[in-house]
>>> print(open('input.csv').read())   # CSV, C-alpha atoms
chain,number,residue,atom,x,y,z
J,17,MET,CA,4.4,-34.3,12.9
J,18,LEU,CA,5.2,-31.8,10.2
J,19,ASN,CA,7.6,-29.0,11.2
J,20,LEU,CA,5.9,-25.6,11.3
J,21,GLU,CA,9.0,-23.7,10.2
J,22,ARG,CA,9.4,-25.9,7.2
J,23,LEU,CA,5.8,-25.3,6.4
J,24,ARG,CA,6.3,-21.6,6.7
J,25,ALA,CA,9.1,-21.9,4.1
J,26,LEU,CA,6.8,-23.6,1.7
J,27,HIS,CA,4.1,-21.1,2.3
J,28,ALA,CA,6.5,-18.3,1.7
J,29,VAL,CA,7.5,-19.8,-1.7
J,30,ALA,CA,3.9,-20.1,-2.7
J,31,GLU,CA,3.1,-16.5,-1.6
J,32,ASN,CA,6.2,-14.9,-3.2
J,33,GLY,CA,6.7,-17.0,-6.3
J,34,SER,CA,10.4,-18.0,-5.8
J,35,VAL,CA,12.9,-19.4,-3.3
J,36,ALA,CA,14.9,-16.1,-3.4
J,37,ALA,CA,11.8,-13.9,-2.7
J,38,ALA,CA,10.7,-16.3,0.1
J,39,ALA,CA,14.2,-16.0,1.6
J,40,ARG,CA,13.9,-12.2,1.6
J,41,THR,CA,10.5,-12.3,3.3
J,42,LEU,CA,11.7,-14.7,6.0
J,43,HIS,CA,15.0,-12.9,6.4
J,44,VAL,CA,17.0,-16.1,5.7
J,45,THR,CA,19.3,-17.2,2.9
J,46,PRO,CA,18.0,-19.0,-0.2
J,47,SER,CA,20.0,-22.0,0.7
J,48,GLY,CA,18.3,-22.0,4.1
J,49,ILE,CA,14.9,-22.1,2.4
J,50,SER,CA,16.1,-24.9,0.1
J,51,GLN,CA,17.3,-27.0,3.1
J,52,GLN,CA,14.0,-26.6,4.9
J,53,LEU,CA,12.1,-27.6,1.8
J,54,ASN,CA,14.3,-30.6,1.2
J,55,LYS,CA,13.6,-31.8,4.7
J,56,LEU,CA,9.9,-31.2,4.3
J,57,GLU,CA,9.9,-33.3,1.1
J,58,ARG,CA,11.5,-36.1,3.0
J,59,GLU,CA,8.9,-35.8,5.7
J,60,VAL,CA,5.9,-36.0,3.4
J,61,GLY,CA,7.5,-38.4,1.0
J,62,VAL,CA,6.6,-36.7,-2.3
J,63,PRO,CA,8.1,-33.8,-4.3
J,64,LEU,CA,6.8,-30.4,-3.4
J,65,LEU,CA,8.7,-28.3,-6.0
J,66,GLU,CA,9.5,-28.9,-9.7
J,67,PRO,CA,11.7,-27.0,-12.1
J,68,GLN,CA,10.2,-24.2,-14.2
J,69,GLY,CA,12.6,-22.4,-16.5
J,70,ARG,CA,15.4,-21.1,-14.2
J,71,GLY,CA,13.2,-21.2,-11.2
J,72,VAL,CA,10.8,-23.6,-9.5
J,73,ARG,CA,7.0,-24.0,-9.0
J,74,LEU,CA,5.0,-26.0,-6.6
J,75,THR,CA,3.7,-29.4,-7.5
J,76,GLU,CA,0.1,-30.3,-6.9
J,77,ALA,CA,1.1,-31.8,-3.5
J,78,GLY,CA,3.1,-28.6,-2.8
J,79,ARG,CA,0.0,-26.4,-3.6
J,80,ILE,CA,-2.2,-28.6,-1.3
J,81,LEU,CA,0.3,-28.4,1.5
J,82,ALA,CA,0.8,-24.6,1.1
J,83,ARG,CA,-2.9,-24.0,1.1
J,84,ARG,CA,-3.4,-26.0,4.3
J,85,THR,CA,-0.4,-24.2,5.8
J,86,ALA,CA,-2.1,-20.9,5.1
J,87,GLU,CA,-5.1,-22.2,7.1
J,88,VAL,CA,-2.9,-23.2,10.0
J,89,LEU,CA,-1.2,-19.9,10.1
J,90,SER,CA,-4.6,-18.1,10.0
J,91,THR,CA,-5.7,-20.3,12.9
J,92,LEU,CA,-2.6,-19.5,14.9
J,93,ALA,CA,-3.1,-15.8,14.3
J,94,GLN,CA,-6.7,-16.0,15.5
J,95,ALA,CA,-5.4,-17.8,18.7
J,96,GLU,CA,-2.8,-15.1,19.3
J,97,ALA,CA,-5.5,-12.4,18.9
J,98,GLU,CA,-7.8,-14.2,21.3
J,99,ILE,CA,-5.1,-14.6,24.0
J,100,ALA,CA,-4.0,-11.0,23.5
J,101,SER,CA,-7.6,-9.8,24.1
J,102,LEU,CA,-7.4,-11.3,27.6
J,103,GLN,CA,-4.7,-8.9,28.6
J,104,SER,CA,-5.7,-5.7,30.4
J,105,GLU,CA,-2.7,-3.8,28.8
J,106,VAL,CA,-2.3,-3.4,25.0
J,107,THR,CA,1.2,-4.7,24.5
J,108,GLY,CA,3.2,-6.4,21.8
J,109,ARG,CA,4.0,-4.9,18.4
J,110,VAL,CA,2.0,-3.4,15.6
J,111,ARG,CA,3.4,-2.8,12.2
J,112,ILE,CA,1.8,-0.1,10.1
J,113,GLY,CA,2.2,0.8,6.4
J,114,ALA,CA,0.8,3.7,4.5
J,115,LEU,CA,0.8,5.7,1.3
J,116,VAL,CA,3.1,8.7,0.9
J,117,SER,CA,0.3,11.3,1.2
J,118,PRO,CA,-1.2,10.3,4.5
J,119,SER,CA,2.4,9.5,5.8
J,120,ARG,CA,2.9,13.3,6.0
J,121,THR,CA,-0.5,14.3,7.3
J,122,VAL,CA,-2.1,11.5,9.4
J,123,LEU,CA,0.5,8.9,10.4
J,124,PRO,CA,2.7,10.9,12.8
J,125,ARG,CA,-0.4,12.1,14.7
J,126,ALA,CA,-1.9,8.6,14.8
J,127,ILE,CA,1.3,7.0,16.0
J,128,ALA,CA,1.8,9.6,18.7
J,129,GLU,CA,-1.8,9.0,19.9
J,130,ILE,CA,-1.2,5.2,20.0
J,131,ARG,CA,2.1,5.7,21.9
J,132,HIS,CA,0.4,8.0,24.4
J,133,ALA,CA,-2.5,5.7,25.1
J,134,HIS,CA,-0.5,2.4,25.0
J,135,PRO,CA,3.1,3.1,26.1
J,136,GLN,CA,3.9,-0.6,26.3
J,137,LEU,CA,3.1,-1.1,22.6
J,138,GLU,CA,5.9,-1.3,20.1
J,139,ILE,CA,5.1,0.5,16.8
J,140,THR,CA,6.9,0.4,13.5
J,141,PHE,CA,6.0,2.2,10.3
J,142,ASN,CA,6.8,1.6,6.6
J,143,GLU,CA,5.9,3.9,3.7
J,144,GLY,CA,4.9,2.5,0.4
J,145,GLU,CA,2.3,2.2,-2.3
J,146,SER,CA,-0.8,0.1,-2.4
J,147,GLU,CA,0.8,-2.4,-4.8
J,148,GLU,CA,3.5,-3.0,-2.1
J,149,LEU,CA,1.5,-2.6,1.0
J,150,LEU,CA,-1.3,-5.2,0.3
J,151,PRO,CA,1.1,-8.0,-0.5
J,152,ALA,CA,3.1,-7.2,2.6
J,153,LEU,CA,-0.1,-7.4,4.6
J,154,ILE,CA,-1.1,-10.7,3.1
J,155,ARG,CA,2.5,-12.1,3.9
J,156,ARG,CA,2.0,-10.9,7.5
J,157,ASP,CA,4.9,-8.5,7.2
J,158,LEU,CA,2.5,-5.7,8.2
J,159,ASP,CA,-0.5,-5.6,10.5
J,160,VAL,CA,-2.5,-2.5,9.3
J,161,VAL,CA,-2.1,-0.6,6.0
J,162,VAL,CA,-3.5,2.6,4.5
J,163,VAL,CA,-4.2,2.1,0.8
J,164,ASP,CA,-6.1,3.9,-1.9
J,165,SER,CA,-8.5,3.1,-4.8
J,166,TRP,CA,-8.7,5.7,-7.6
J,167,SER,CA,-11.9,6.0,-9.7
J,168,THR,CA,-9.8,5.3,-12.8
J,169,LEU,CA,-7.6,2.7,-11.1
J,170,PRO,CA,-9.7,0.7,-8.6
J,171,VAL,CA,-7.8,-1.5,-6.1
J,172,GLU,CA,-8.4,-5.2,-6.0
J,173,LEU,CA,-9.4,-6.2,-2.4
J,174,PRO,CA,-8.0,-9.6,-1.7
J,175,ASP,CA,-9.8,-12.3,0.3
J,176,GLY,CA,-8.8,-12.7,3.9
J,177,LEU,CA,-8.5,-9.0,4.5
J,178,SER,CA,-10.9,-6.5,6.2
J,179,PHE,CA,-11.3,-3.0,4.8
J,180,THR,CA,-12.9,0.2,6.1
J,181,PRO,CA,-13.1,3.5,4.1
J,182,VAL,CA,-11.8,6.4,6.1
J,183,TYR,CA,-11.4,9.3,3.6
J,184,ASP,CA,-12.6,10.6,0.2
J,185,ASP,CA,-9.7,12.3,-1.6
J,186,VAL,CA,-9.4,14.1,-4.9
J,187,ALA,CA,-6.5,14.9,-7.2
J,188,LEU,CA,-5.9,18.6,-8.1
J,189,LEU,CA,-4.2,19.9,-11.2
J,190,ALA,CA,-1.0,21.9,-10.5
J,191,LEU,CA,-0.5,24.6,-13.1
J,192,PRO,CA,2.0,27.4,-13.5
J,193,ALA,CA,0.3,30.7,-12.5
J,194,SER,CA,1.4,32.1,-15.9
J,195,HIS,CA,-0.5,29.4,-17.8
J,196,PRO,CA,-3.5,30.7,-19.8
J,197,LEU,CA,-5.9,28.3,-17.9
J,198,ALA,CA,-4.6,29.2,-14.5
J,199,GLU,CA,-7.3,31.7,-13.7
J,200,ASN,CA,-10.0,29.1,-14.4
J,201,LYS,CA,-11.8,27.5,-11.5
J,202,VAL,CA,-11.9,24.1,-13.3
J,203,VAL,CA,-9.7,22.8,-16.1
J,204,ALA,CA,-10.5,20.1,-18.6
J,205,LEU,CA,-7.7,17.6,-18.7
J,206,SER,CA,-8.3,17.1,-22.4
J,207,GLU,CA,-6.9,20.6,-22.9
J,208,LEU,CA,-3.4,19.6,-21.6
J,209,SER,CA,-2.4,17.1,-24.3
J,210,GLU,CA,0.6,19.2,-25.4
J,211,HIS,CA,2.1,19.7,-22.0
J,212,ALA,CA,5.0,17.9,-20.2
J,213,TRP,CA,4.0,16.1,-17.0
J,214,ALA,CA,5.6,15.4,-13.7
J,215,THR,CA,4.5,12.3,-11.8
J,216,TRP,CA,5.8,9.3,-9.9
J,217,THR,CA,8.3,6.8,-11.2
J,218,ARG,CA,7.2,4.2,-13.8
J,219,GLY,CA,5.8,1.1,-12.2
J,220,THR,CA,4.1,2.8,-9.3
J,221,ASP,CA,0.3,3.0,-8.9
J,222,PHE,CA,0.3,6.8,-9.2
J,223,HIS,CA,2.2,6.7,-12.5
J,224,THR,CA,-0.2,4.1,-13.8
J,225,PHE,CA,-3.2,6.2,-12.6
J,226,THR,CA,-1.8,9.3,-14.3
J,227,VAL,CA,-1.3,7.6,-17.6
J,228,ARG,CA,-4.6,5.7,-17.6
J,229,THR,CA,-6.5,8.9,-16.6
J,230,LEU,CA,-5.0,11.0,-19.4
J,231,ARG,CA,-5.3,8.3,-22.0
J,232,ALA,CA,-9.0,8.3,-21.2
J,233,GLN,CA,-9.0,12.0,-22.1
J,234,GLY,CA,-7.7,11.2,-25.6
J,235,PHE,CA,-3.9,11.5,-25.4
J,236,ASP,CA,-0.8,9.8,-24.1
J,237,PRO,CA,0.9,12.0,-21.6
J,238,ARG,CA,4.4,13.2,-22.2
J,239,ILE,CA,6.0,12.4,-18.9
J,240,GLU,CA,9.4,14.1,-18.7
J,241,TYR,CA,9.9,14.2,-14.9
J,242,GLU,CA,9.5,11.1,-12.8
J,243,VAL,CA,9.8,12.2,-9.2
J,244,ALA,CA,8.9,10.2,-6.1
J,245,GLU,CA,7.6,13.2,-4.0
J,246,PHE,CA,4.6,15.4,-4.6
J,247,PRO,CA,6.3,18.6,-3.3
J,248,THR,CA,9.2,18.1,-5.7
J,249,GLN,CA,6.7,17.6,-8.6
J,250,VAL,CA,5.1,20.9,-7.7
J,251,GLU,CA,8.5,22.6,-7.8
J,252,PHE,CA,8.9,21.5,-11.5
J,253,VAL,CA,5.5,23.1,-12.1
J,254,ALA,CA,6.7,26.3,-10.4
J,255,GLN,CA,9.5,26.5,-12.9
J,256,GLY,CA,7.1,26.2,-15.8
J,257,LEU,CA,8.6,22.8,-16.8
J,258,ALA,CA,5.5,20.6,-16.3
J,259,VAL,CA,2.0,20.2,-15.0
J,260,ALA,CA,1.1,17.6,-12.4
J,261,LEU,CA,-1.8,15.8,-10.6
J,262,ILE,CA,-1.5,16.2,-6.8
J,263,PRO,CA,-3.8,14.5,-4.2
J,264,ARG,CA,-5.3,17.0,-1.8
J,265,LEU,CA,-4.5,14.6,1.0
J,266,ALA,CA,-0.8,15.2,0.4
J,267,ARG,CA,-1.4,18.7,1.8
J,268,VAL,CA,1.3,20.2,-0.5
J,269,VAL,CA,1.6,24.0,0.1
J,270,PRO,CA,2.0,25.3,-3.5
J,271,PRO,CA,4.9,27.7,-3.9
J,272,GLU,CA,4.5,31.1,-5.4
J,273,GLY,CA,3.7,30.7,-9.1
J,274,VAL,CA,1.6,27.6,-8.8
J,275,ARG,CA,-2.2,27.3,-9.0
J,276,MET,CA,-4.0,24.1,-7.7
J,277,LEU,CA,-7.2,23.6,-9.6
J,278,ASP,CA,-10.1,21.2,-9.8
J,279,THR,CA,-10.4,19.0,-12.9
J,280,VAL,CA,-12.9,17.8,-15.5
J,281,PRO,CA,-13.5,15.0,-15.0
J,282,PRO,CA,-13.1,15.1,-11.2
J,283,LEU,CA,-10.5,12.5,-10.0
J,284,GLY,CA,-11.5,11.0,-6.8
J,285,ARG,CA,-10.1,8.2,-4.7
J,286,ASP,CA,-11.2,6.3,-1.6
J,287,ILE,CA,-8.7,5.8,1.2
J,288,TYR,CA,-9.0,2.5,3.1
J,289,LEU,CA,-7.6,0.9,6.2
J,290,ALA,CA,-6.9,-2.8,5.7
J,291,TRP,CA,-5.9,-5.5,8.1
J,292,ARG,CA,-6.0,-9.3,8.2
J,293,THR,CA,-9.4,-10.5,9.4
J,294,ASP,CA,-7.7,-13.3,11.4
J,295,SER,CA,-5.4,-10.9,13.3
J,296,GLU,CA,-7.8,-8.6,15.1
J,297,ARG,CA,-5.8,-8.5,18.3
J,298,PRO,CA,-6.0,-5.4,20.6
J,299,ALA,CA,-2.8,-3.8,19.2
J,300,VAL,CA,-4.2,-3.9,15.7
J,301,LEU,CA,-7.6,-2.6,16.8
J,302,ALA,CA,-5.9,0.2,18.7
J,303,ALA,CA,-4.0,1.2,15.6
J,304,ILE,CA,-7.2,1.1,13.5
J,305,GLU,CA,-9.1,3.3,15.9
J,306,ALA,CA,-6.3,5.9,16.1
J,307,LEU,CA,-6.0,6.0,12.4
J,308,ARG,CA,-9.7,6.4,11.9
J,309,ARG,CA,-9.9,9.3,14.4
J,310,GLN,CA,-7.0,11.1,12.7
J,311,PHE,CA,-8.6,10.8,9.2
J,312,ASP,CA,-11.9,12.0,10.7
J,313,ALA,CA,-10.0,15.0,12.0
J,314,LEU,CA,-9.0,16.0,8.5
J,315,GLY,CA,-12.6,16.9,7.6
J,316,ASP,CA,-14.0,17.0,4.1
J,317,SER,CA,-11.4,16.6,1.3
J,318,ARG,CA,-13.3,19.1,-0.8
J,319,ASN,CA,-12.7,21.9,1.6
>>> encode(input="input.csv", output="structure tokens")
Amino acid sequence: MLNLERLRALHAVAENGSVAAAARTLHVTPSGISQQLNKLEREVGVPLLEPQGRGVRLTEAGRILARRTAEVLSTLAQAEAEIASLQSEVTGRVRIGALVSPSRTVLPRAIAEIRHAHPQLEITFNEGESEELLPALIRRDLDVVVVDSWSTLPVELPDGLSFTPVYDDVALLALPASHPLAENKVVALSELSEHAWATWTRGTDFHTFTVRTLRAQGFDPRIEYEVAEFPTQVEFVAQGLAVALIPRLARVVPPEGVRMLDTVPPLGRDIYLAWRTDSERPAVLAAIEALRRQFDALGDSRN
């Protein structure tokens, strides 16, 4: 009989790409992962890892066993969901992750609603970007996530996950009120090629979205201010230092001296809830319903 914890260690290496990353995911030491894998190799009688540069990769046997382990973990998650559905009370734990913009506007209300309706349910929350949240969901580090898909940077929807759209958002252009275009109702992004920009830090989805969107308008943006908060980006705009793209969902109240304007082309994004299809236990379903209701309460993003 193969040991499930050792199989989890192999699965974590397959999902995360290295022993060190697998150790961080499972909250153990790299040496602990290596010990589990050595024991597993002795159990199956064939090598499961082989050297690759300074790291390791799975052998063909390792890939087969990791794939079958994923199926076992999925079956166990389904069993857990079915047993949990027999309980009259919604209990246990649900781990939610979300983008920054809905974290300010939706998540506090949704979590308060869940706690009020299900006081025995433990809820944890992590803020992140889609490129972080979806892998965490696949690894089972999170149960429900709020992610986005921009018209110019569509999200890849992995297999094994369920998605439901909950909100249509749009990015607005933040301009200094003294700017010659500030009195316009709509501003063509192609007219802003000479400006400095404020946006998120390099490597984040929103930074990539900004660069890709503006390159499509014929120029490489001069990003001088990399700031991991929309309100702070708008403060740079208020000082006349930059212009910025700000999602309406962020609900940033512009300070005096800043205009928020529609753009040509319009920059839309879909907001999705995502969860593992094999983990639809009552706690997860309760979180999905509360989040959906709170997004519905926001109304039309164009208003």
>>> atom_distance(input="input.csv", atom1="CA of Ala77 (chain J)", atom2="CA of Asn54 (chain J)")
14.1 Å
>>> atom_distance(input="input.csv", atom1="CA of Arg275 (chain J)", atom2="CA of Glu240 (chain J)")
20.1 Å
>>> atom_distance(input="input.csv", atom1="CA of Ala302 (chain J)", atom2="CA of Asp164 (chain J)")
20.9 Å
>>> residues_around(input="input.csv", residues="Leu20 (chain J)", least_positions_apart="2", cutoff="10 Å", atoms="only C-alpha atoms", output="list of chain:residue names")
J:Met17, J:Leu18, J:Arg22, J:Leu23, J:Arg24, J:Ala25, J:Leu26, J:Leu56, J:Thr85, J:Val88, J:Leu89
>>> residues_near_point(input="input.csv", point="(5.5, 0.4, 25.9)", cutoff="9 Å", atoms="only C-alpha atoms", output="PyMOL selection string")
chain J and resi 106-108+131+134-138
>>> write_last_selection(input="input.csv", atoms="C-alpha atoms", output="short mmCIF file (atom, residue, chain, number, x, y, z; two decimals), keeping the file's coordinate frame")
data_model
loop_
_atom_site.label_atom_id
_atom_site.label_comp_id
_atom_site.auth_asym_id
_atom_site.auth_seq_id
_atom_site.Cartn_x
_atom_site.Cartn_y
_atom_site.Cartn_z
CA VAL J 106 -2.30 -3.40 25.00
CA THR J 107 1.20 -4.70 24.50
CA GLY J 108 3.20 -6.40 21.80
CA ARG J 131 2.10 5.70 21.90
CA HIS J 134 -0.50 2.40 25.00
CA PRO J 135 3.10 3.10 26.10
CA GLN J 136 3.90 -0.60 26.30
CA LEU J 137 3.10 -1.10 22.60
CA GLU J 138 5.90 -1.30 20.10
#
>>> decode(input="input.csv", residues="region 188-306 of chain J", atoms="C-alpha atoms", output="compact mmCIF listing (two decimals), in the first residue's frame")
# COMPACT_ATOMS: atom_id res chain seq x y z
CA LEU J 188 -10.78 54.38 -16.45
CA LEU J 189 -8.02 56.84 -17.28
CA ALA J 190 -6.85 58.99 -14.38
CA LEU J 191 -5.66 62.39 -15.65
CA PRO J 192 -4.55 65.55 -13.84
CA ALA J 193 -7.40 68.07 -13.96
CA SER J 194 -4.97 70.57 -15.51
CA HIS J 195 -4.29 68.29 -18.47
CA PRO J 196 -5.50 69.64 -21.85
CA LEU J 197 -7.63 66.49 -22.37
CA ALA J 198 -9.17 66.51 -18.90
CA GLU J 199 -12.38 68.20 -20.03
CA ASN J 200 -13.07 65.51 -22.62
CA LYS J 201 -15.67 62.84 -21.94
CA VAL J 202 -13.50 60.21 -23.63
CA VAL J 203 -9.74 60.14 -24.24
CA ALA J 204 -7.92 58.17 -26.94
CA LEU J 205 -5.04 56.28 -25.33
CA SER J 206 -2.98 56.85 -28.47
CA GLU J 207 -2.78 60.54 -27.49
CA LEU J 208 -0.81 59.75 -24.32
CA SER J 209 2.41 58.35 -25.77
CA GLU J 210 4.57 61.14 -24.30
CA HIS J 211 3.35 60.79 -20.71
CA ALA J 212 4.82 59.08 -17.69
CA TRP J 213 2.65 56.29 -16.29
CA ALA J 214 1.95 54.89 -12.85
CA THR J 215 0.95 51.24 -12.60
CA TRP J 216 1.55 48.06 -10.65
CA THR J 217 4.96 46.49 -10.18
CA ARG J 218 6.68 44.64 -12.99
CA GLY J 219 5.68 40.97 -13.20
CA THR J 220 2.06 41.50 -12.09
CA ASP J 221 -0.87 40.94 -14.41
CA PHE J 222 -1.93 44.58 -14.24
CA HIS J 223 1.53 45.80 -15.24
CA THR J 224 1.47 43.37 -18.19
CA PHE J 225 -2.05 44.46 -19.08
CA THR J 226 -1.01 48.14 -19.08
CA VAL J 227 2.04 47.57 -21.25
CA ARG J 228 0.23 45.30 -23.71
CA THR J 229 -2.74 47.67 -24.00
CA LEU J 230 -0.61 50.73 -24.70
CA ARG J 231 1.69 48.95 -27.12
CA ALA J 232 -1.45 48.07 -29.09
CA GLN J 233 -2.01 51.85 -29.33
CA GLY J 234 1.36 52.30 -31.00
CA PHE J 235 3.79 53.13 -28.19
CA ASP J 236 5.80 51.66 -25.33
CA PRO J 237 4.63 53.30 -22.11
CA ARG J 238 7.19 55.16 -20.02
CA ILE J 239 6.40 53.62 -16.63
CA GLU J 240 8.14 55.71 -13.98
CA TYR J 241 6.07 54.81 -10.92
CA GLU J 242 5.49 51.18 -9.96
CA VAL J 243 3.06 51.19 -7.05
CA ALA J 244 1.08 48.25 -5.66
CA GLU J 245 -2.05 50.27 -4.78
CA PHE J 246 -4.52 52.06 -7.01
CA PRO J 247 -5.18 54.95 -4.57
CA THR J 248 -1.44 55.66 -4.40
CA GLN J 249 -1.18 55.65 -8.18
CA VAL J 250 -3.95 58.25 -8.30
CA GLU J 251 -2.00 60.43 -5.85
CA PHE J 252 0.89 60.50 -8.33
CA VAL J 253 -1.63 61.64 -10.93
CA ALA J 254 -2.89 64.34 -8.56
CA GLN J 255 0.63 65.76 -8.35
CA GLY J 256 0.88 65.95 -12.14
CA LEU J 257 3.60 63.29 -12.23
CA ALA J 258 1.84 60.58 -14.24
CA VAL J 259 -1.34 59.23 -15.76
CA ALA J 260 -2.80 55.84 -14.83
CA LEU J 261 -5.41 53.21 -15.64
CA ILE J 262 -7.70 52.46 -12.69
CA PRO J 263 -10.44 49.78 -12.61
CA ARG J 264 -13.84 51.13 -11.69
CA LEU J 265 -14.25 48.18 -9.32
CA ALA J 266 -11.41 49.55 -7.19
CA ARG J 267 -13.85 52.31 -6.16
CA VAL J 268 -11.04 54.83 -5.82
CA VAL J 269 -12.36 58.27 -4.84
CA PRO J 270 -10.23 60.66 -6.93
CA PRO J 271 -8.64 63.47 -4.94
CA GLU J 272 -9.08 67.07 -5.97
CA GLY J 273 -7.19 67.68 -9.17
CA VAL J 274 -7.84 64.28 -10.80
CA ARG J 275 -10.34 63.42 -13.54
CA MET J 276 -11.45 59.82 -14.20
CA LEU J 277 -12.36 59.38 -17.88
CA ASP J 278 -13.49 56.68 -20.28
CA THR J 279 -11.01 55.56 -22.91
CA VAL J 280 -10.82 54.74 -26.59
CA PRO J 281 -10.60 51.85 -27.00
CA PRO J 282 -12.72 50.87 -23.98
CA LEU J 283 -10.85 48.55 -21.60
CA GLY J 284 -13.17 45.93 -20.18
CA ARG J 285 -12.57 42.93 -17.98
CA ASP J 286 -14.68 40.05 -16.70
CA ILE J 287 -14.55 39.19 -13.00
CA TYR J 288 -14.95 35.48 -12.26
CA LEU J 289 -15.42 33.28 -9.22
CA ALA J 290 -13.42 30.07 -9.52
CA TRP J 291 -13.32 26.90 -7.42
CA ARG J 292 -12.26 23.30 -7.82
CA THR J 293 -15.00 21.26 -9.44
CA ASP J 294 -14.25 18.31 -7.14
CA SER J 295 -14.57 20.40 -3.96
CA GLU J 296 -18.16 21.67 -4.01
CA ARG J 297 -18.78 21.14 -0.31
CA PRO J 298 -21.34 23.28 1.55
CA ALA J 299 -18.73 25.72 2.90
CA VAL J 300 -17.46 26.43 -0.61
CA LEU J 301 -20.97 26.79 -2.02
CA ALA J 302 -21.90 29.18 0.80
CA ALA J 303 -18.90 31.36 -0.04
CA ILE J 304 -19.74 31.34 -3.75
CA GLU J 305 -23.33 32.42 -3.11
CA ALA J 306 -22.34 35.22 -0.73
